[in-house]
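J.: The structure follows.
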Amino acid sequence: MPASDAAAQSVTVRRWRDLKHSKKLIKELDSIFFEASNTKSFASDEARAAFRERWFGRYLEHYPEWAYIALAADGSVAGYLVGALDEASGFEDFASAAQAFPAHLHVNLAPRFRSRGIGADLIEAFVADARRAGTKGVHVVTSADARNVRFYDRVGFKPRAATTVNGSDLVFLGRTI
């Protein structure tokens, strides 16, 4: 088995709040976040920082109990999931669907760790904790034609609503928990 396959097989999911936060850890998380993002260029450093804060950073700061890190045996970051139990999706067209699926998440993996079940493990950790907290459903919002739609379908998310924003078709995928 190649070294990268062996590393992917020995990944553990840990809660963000239970980890020692280091510059190295933050740098690896940021690298995964920006690599996985559809937005690759920014008008300024401030715009880049605001983008990171909106879609990633604020979750680590304000919802650390709903942030999970997948760590490889060598200590490197394989991926992460950040989420919240009752924060709105940010899209008015999805407000009704969000009532049935109030929790939401964002999950991303480093390229070498994709397609190995790690994303599903991160989601299951979040779902189990959200269920214990009494949440009835969880959602994600993504581009309707994104390849991650198939992944979310495999882990139990189904289309519940759709809209178009700035010419992009978006889908609200919900999972009952």
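Scheme for the structure tokens: letters A, B, ... for chains in order shown; per-chain residue numbers from 1; ligand numbers from 1 in order shown.
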Excluding range 22-39 of chain A and residues on its chain fewer than 5 positions from it, collect all residues at most 7 Å away from it, counting only C-alpha atoms, and give them as number ranges by chain.
T.: A: 77, 79, 108-110
J.: Using only C-alpha atoms, which protein or nucleic acid residues come within 10 Å of Tyr63 in chain A? Drop anything in the same chain fewer than 6 positions from it, and give the result as JSON, numbers by chain.
T.: {"A": [16, 17, 57, 82, 83, 84, 85]}
J.: Between A:Ala49, A:Ser44, A:Arg15, A:His104, which one has atoms that come closest to Tyr80 in chain A, using only C-alpha atoms?
T.: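 Closest residue, counting only C-alpha atoms: A:Arg15.
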J.: Could you write out, as JSON, numbers by chain, all the residues of chain A that DSSP marks as alpha helix (DSSP H)?
T.: {"A": [3, 4, 5, 6, 7, 8, 9, 23, 24, 25, 26, 27, 28, 29, 30, 31, 32, 33, 34, 35, 36, 45, 46, 47, 48, 49, 50, 51, 52, 58, 59, 60, 61, 62, 95, 96, 97, 98, 99, 100, 118, 119, 120, 121, 122, 123, 124, 125, 126, 127, 128, 129, 130, 131, 132, 148, 149, 150, 151, 152, 153, 154]}
J.: With C-alpha atoms retained, export the selected residues as an mmCIF file, in the first residue's frame.
T.:
data_model
loop_
_atom_site.group_PDB
_atom_site.id
_atom_site.type_symbol
_atom_site.label_atom_id
_atom_site.label_comp_id
_atom_site.auth_asym_id
_atom_site.auth_seq_id
_atom_site.Cartn_x
_atom_site.Cartn_y
_atom_site.Cartn_z
ATOM 1 C CA ALA A 3 2.357 5.719 1.982
ATOM 2 C CA SER A 4 -0.479 8.107 1.147
ATOM 3 C CA ASP A 5 -2.999 5.237 1.223
ATOM 4 C CA ALA A 6 -1.668 4.032 4.575
ATOM 5 C CA ALA A 7 -1.917 7.564 6.000
ATOM 6 C CA ALA A 8 -5.491 7.908 4.771
ATOM 7 C CA GLN A 9 -6.452 4.621 6.396
ATOM 8 C CA LYS A 23 0.140 27.962 13.670
ATOM 9 C CA LYS A 24 0.950 24.766 11.740
ATOM 10 C CA LEU A 25 -2.569 23.404 12.292
ATOM 11 C CA ILE A 26 -4.204 26.686 11.234
ATOM 12 C CA LYS A 27 -1.946 26.902 8.165
ATOM 13 C CA GLU A 28 -2.905 23.377 7.070
ATOM 14 C CA LEU A 29 -6.609 24.063 7.617
ATOM 15 C CA ASP A 30 -6.390 27.309 5.641
ATOM 16 C CA SER A 31 -4.583 25.514 2.836
ATOM 17 C CA ILE A 32 -7.363 22.925 2.592
ATOM 18 C CA PHE A 33 -10.056 25.617 2.779
ATOM 19 C CA PHE A 34 -8.629 27.733 -0.037
ATOM 20 C CA GLU A 35 -7.666 24.752 -2.216
ATOM 21 C CA ALA A 36 -11.205 23.363 -2.016
ATOM 22 C CA ASP A 45 -5.983 40.633 1.245
ATOM 23 C CA GLU A 46 -8.953 42.056 3.130
ATOM 24 C CA ALA A 47 -11.393 40.427 0.704
ATOM 25 C CA ARG A 48 -9.564 37.106 1.092
ATOM 26 C CA ALA A 49 -9.703 37.398 4.890
ATOM 27 C CA ALA A 50 -13.420 38.265 4.813
ATOM 28 C CA PHE A 51 -14.131 35.255 2.574
ATOM 29 C CA ARG A 52 -12.237 32.959 4.959
ATOM 30 C CA ARG A 58 -16.056 32.175 12.284
ATOM 31 C CA TYR A 59 -17.067 28.580 12.862
ATOM 32 C CA LEU A 60 -13.775 27.781 14.573
ATOM 33 C CA GLU A 61 -14.170 30.832 16.786
ATOM 34 C CA HIS A 62 -17.908 30.917 17.494
ATOM 35 C CA ALA A 95 -35.560 29.757 4.701
ATOM 36 C CA SER A 96 -38.516 27.357 4.631
ATOM 37 C CA ALA A 97 -36.345 24.279 4.003
ATOM 38 C CA ALA A 98 -33.968 25.359 6.768
ATOM 39 C CA GLN A 99 -36.801 25.098 9.295
ATOM 40 C CA ALA A 100 -36.865 21.327 8.759
ATOM 41 C CA ILE A 118 -13.016 10.474 5.599
ATOM 42 C CA GLY A 119 -15.593 13.095 4.593
ATOM 43 C CA ALA A 120 -18.349 10.657 5.523
ATOM 44 C CA ASP A 121 -16.656 10.027 8.885
ATOM 45 C CA LEU A 122 -16.550 13.771 9.587
ATOM 46 C CA ILE A 123 -20.239 14.108 8.693
ATOM 47 C CA GLU A 124 -21.227 11.146 10.857
ATOM 48 C CA ALA A 125 -19.363 12.643 13.839
ATOM 49 C CA PHE A 126 -21.234 15.930 13.384
ATOM 50 C CA VAL A 127 -24.601 14.206 12.821
ATOM 51 C CA ALA A 128 -24.213 12.017 15.923
ATOM 52 C CA ASP A 129 -23.461 15.036 18.109
ATOM 53 C CA ALA A 130 -26.226 17.106 16.486
ATOM 54 C CA ARG A 131 -28.691 14.264 17.105
ATOM 55 C CA ARG A 132 -27.690 14.151 20.793
ATOM 56 C CA ASN A 148 -19.973 16.989 -4.424
ATOM 57 C CA VAL A 149 -23.746 16.541 -4.930
ATOM 58 C CA ARG A 150 -23.087 12.802 -5.534
ATOM 59 C CA PHE A 151 -21.027 12.597 -2.336
ATOM 60 C CA TYR A 152 -23.788 14.220 -0.291
ATOM 61 C CA ASP A 153 -26.348 11.864 -1.816
ATOM 62 C CA ARG A 154 -24.225 8.873 -0.721
#
J.: Output as a VMD selection string all residues of chain A that backbone DSSP marks as strand (DSSP E).
T.: chain A and resid 12 to 15 67 to 71 77 to 84 103 to 109 137 to 143 158 to 165 168 to 176
J.: Under the rule that only C-alpha atoms are counted, which of A:Ala146, A:Val141, A:Leu19, A:Val13 is the nearest residue to Asp93 in chain A?
T.: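 The shortest atom-to-atom distance to Asp93 in chain A comes from A:Val141.
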J.: Just checking: using only C-alpha atoms, which residue out of A:Ser168, A:Ser41, A:Thr12, A:Thr163 ends up closest to Ile69 in chain A?
T.: A:Thr12
J.: Quick check, in Å to one decimal: how far apart do CA of Asn166 in chain A and CA of Gly137 in chain A lie?
T.: 27.5 Å
J.: Would you kindly return, as an MDAnalysis selection string, each protein, DNA or RNA residue with an atom no farther than 12 Å from any atom of Thr164 in chain A, considering only C-alpha atoms and excluding same-chain residues fewer than 5 positions away?
T.: chainID A and resid 91:94 141:144 169:172
